[in-house]
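**Student:** The following block contains the structure, expressed as structure tokens.
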Amino acid sequence: MNERLVFVILLGVISILWYIVGYWRRKAGETAFLAAQKTEKEDERDRLCRLAVRAGHRDACRMFCCLHPDLFKEQPPLKPFKLHGTKVVFYGQYYPSRYKPFLNDDQQAFCHSVYEFKEGKIHGIEFFKSCMNALQMDDHHFHIMFMPCSDEFKYIQRFKRLNWYVCTHCPDLTSGLYDVDVFEPRECLHEAKGYENRILERNYRITGDIKGKDVIIVDDVLTTGQSMTDYKEEIERCGGKVVAAIFYGKTITLPHPLIVKLEVWGDYITRFSKSN
């Protein structure tokens, strides 16, 4: 038997074995991922999710990111940081609806509360108080301005109870709810496909006198910061000075699956080494 034929046979055997191993590896990943979705125990969900990630399951990588956002350089809630030159703080991690199958009960409950706040069904006072405390601004008089949204009705509906709270319970703050005229409806950016790359259509104008005022912007969800930056520019064009911005939620950004696999495999190898 010549060497070429032997080589071809060995290559064929290796290919078949590689396919069999890959098939059962994928099956193991699917089984572990489904089990992770069904279990209600956090520790067990984490263990099964890690197993599925090591088996190469792509959705398990997304689930792992949702379980451990702190491992991938996500900013933690209620910890101020700089974005586009503005001091920013947010109340909690927001996960778009496409990630719902990967979330635990607490994460789903928070995302639901974001939707309720956007629709004006909850007042958001706890979010506002927590974020204002986290900013740790020196005692000073601040003017609160709310981010204009897709139409005037939604704008008033979303922020009217926070406006009431600022006006009645915060002597060092003033509300700028009616400093803004939302004069025509526009498409909601967060509901538009590919909204991360959309150009913001300005559908508002600032009609109140904000000259010389130190402004804190209030909004529902922070994603890229595009809307905040645009609003800041308009506020400062009208004579105000934006000193900070607070958000109910910040949209989580998931890393590439390869980065997740490296994290999980690295942790597994470290634990295995220590146990031996």
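So you can find residues: chains in the structure tokens are A, B, ... in the order shown, residues in each start at 1, and ligands are numbered from 1 in order.
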Skipping near chain neighbours, those fewer than 4 positions away, what residues fall within 12 Å of Tyr91 in chain A using only C-alpha atoms, listed as a PyMOL selection string?
**Tutor:** chain A and resi 75-80+110-111+113-114+124-135+218-222+245-251
**Student:** For Asp106 in chain A, please output as a list in words all residues within 12 Å (counting only C-alpha atoms; exclusion window: fewer than 3 positions along the same chain).
**Tutor:**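 Once the adjacent positions are removed, what remains is Glu40, Glu42, Cys66, Leu67, Gly92, Gln93, Tyr94, Tyr95, Lys100, Phe102, Leu103, Ala109, Phe110, Cys111, His112 and Ser113 of chain A.
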**Student:** Please produce a file of those selected residues containing N, CA and C atoms, as a short mmCIF file (atom, residue, chain, number, x, y, z; two decimals), in the first residue's frame.
**Tutor:**
```
data_model
loop_
_atom_site.label_atom_id
_atom_site.label_comp_id
_atom_site.auth_asym_id
_atom_site.auth_seq_id
_atom_site.Cartn_x
_atom_site.Cartn_y
_atom_site.Cartn_z
N GLU A 40 -34.18 27.00 38.31
CA GLU A 40 -34.45 28.23 39.04
C GLU A 40 -33.34 28.57 40.02
N GLU A 42 -29.71 29.76 40.92
CA GLU A 42 -28.70 30.58 40.27
C GLU A 42 -27.37 29.85 40.11
N CYS A 66 -25.11 37.83 30.32
CA CYS A 66 -26.21 38.38 31.11
C CYS A 66 -26.06 38.03 32.59
N LEU A 67 -25.53 36.86 32.87
CA LEU A 67 -25.32 36.44 34.26
C LEU A 67 -24.14 37.17 34.90
N GLY A 92 -29.80 50.75 36.58
CA GLY A 92 -29.68 49.31 36.41
C GLY A 92 -29.36 48.93 34.97
N GLN A 93 -28.99 47.66 34.78
CA GLN A 93 -28.66 47.15 33.45
C GLN A 93 -29.95 46.83 32.68
N TYR A 94 -30.04 47.37 31.48
CA TYR A 94 -31.20 47.11 30.62
C TYR A 94 -30.82 46.14 29.51
N TYR A 95 -31.64 45.12 29.32
CA TYR A 95 -31.40 44.11 28.29
C TYR A 95 -32.52 44.19 27.25
N LYS A 100 -34.33 38.26 26.37
CA LYS A 100 -35.24 37.83 27.44
C LYS A 100 -35.07 36.35 27.82
N PHE A 102 -32.56 34.65 28.16
CA PHE A 102 -31.32 34.42 28.90
C PHE A 102 -31.32 35.07 30.28
N LEU A 103 -32.38 35.76 30.64
CA LEU A 103 -32.39 36.56 31.87
C LEU A 103 -32.99 35.80 33.05
N ALA A 109 -37.61 41.45 35.63
CA ALA A 109 -38.45 42.40 36.37
C ALA A 109 -37.95 43.83 36.16
N PHE A 110 -36.63 44.01 36.18
CA PHE A 110 -36.09 45.36 35.98
C PHE A 110 -36.39 45.86 34.57
N CYS A 111 -36.18 45.01 33.57
CA CYS A 111 -36.46 45.41 32.19
C CYS A 111 -37.93 45.77 32.01
N HIS A 112 -38.81 45.02 32.68
CA HIS A 112 -40.24 45.33 32.62
C HIS A 112 -40.52 46.70 33.25
N SER A 113 -39.80 47.01 34.33
CA SER A 113 -40.00 48.31 34.98
C SER A 113 -39.52 49.45 34.08
#
```
**Student:** Looking at only C-alpha atoms, which of A:Asp138, A:Glu234, A:Asp151, A:Asp43 is the one that sits closest to Pro185 in chain A?
**Tutor:**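 Going through A:Asp138, A:Glu234, A:Asp151, A:Asp43 one by one, the smallest distance to Pro185 in chain A is for A:Asp151.
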**Student:** Can you list, as number ranges by chain, every protein, DNA or RNA residue that comes within 12 Å of range 166-169 of chain A when you count only C-alpha atoms, leaving out same-chain residues fewer than 3 positions away?
**Tutor:** A: 123-125, 128-129, 132, 142-146, 159-163, 172-177, 218
**Student:** Between A:Thr229, A:Ser273, A:Ser15, A:Thr31, which has the minimum distance to Val88 in chain A (counting only C-alpha atoms)?
**Tutor:**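 Checking each of A:Thr229, A:Ser273, A:Ser15, A:Thr31 against Val88 in chain A, counting only C-alpha atoms, the winner is A:Thr229.
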**Student:** List every residue of range 57-193 of chain A that DSSP, applied to the backbone of this structure, assigns to helix (DSSP H, G or I), and report them as a PyMOL selection string.
**Tutor:** chain A and resi 58-67+69-72+97-102+105-118+125-135+152-169+177-179+189-191
**Student:** Name all residues at most 8 Å from Gly208 in chain A (count only C-alpha atoms; drop same-chain ones fewer than 6 positions away) and give them as a VMD selection string.
**Tutor:** chain A and resid 176 178 to 180
**Student:** How would you write, as a ChimeraX atom specification, the set of residues in range 51-269 of chain A that DSSP gives as strand (DSSP E or B)?
**Tutor:** /A:81-83,86-94,142-146,173-175,180-182,204-206,214-222,241-251
**Student:** For Phe90 in chain A, which of A:Asp267, A:Glu152, A:Asp59, A:Glu74 is the closest residue, counting only C-alpha atoms?
**Tutor:**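 Answer, going by the shortest atom-to-atom distance: A:Glu74.
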**Student:** For CA of Lys211 in chain A and CA of Cys238 in chain A, determine how far apart the two atoms are, in Å to one decimal place.
**Tutor:**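 Between CA of Lys211 in chain A and CA of Cys238 in chain A the gap works out to 6.4 Å.
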**Student:** Would you mind listing what lies within 12 Å of Lys38 in chain A as a VMD selection string, with only C-alpha atoms counted and same-chain residues fewer than 3 positions away left out?
**Tutor:** chain A and resid 31 to 35 41 to 42 44 to 46 48 to 49 101 to 105
**Student:** Would you mind reading off the distance between CA of Ser227 in chain A and CA of Pro96 in chain A, one decimal, in Å?
**Tutor:**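 These atoms are spaced 17.8 Å apart.
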**Student:** What's the separation between CA of Arg47 in chain A and CA of Trp18 in chain A, in Å to one decimal place?
**Tutor:** 26.1 Å
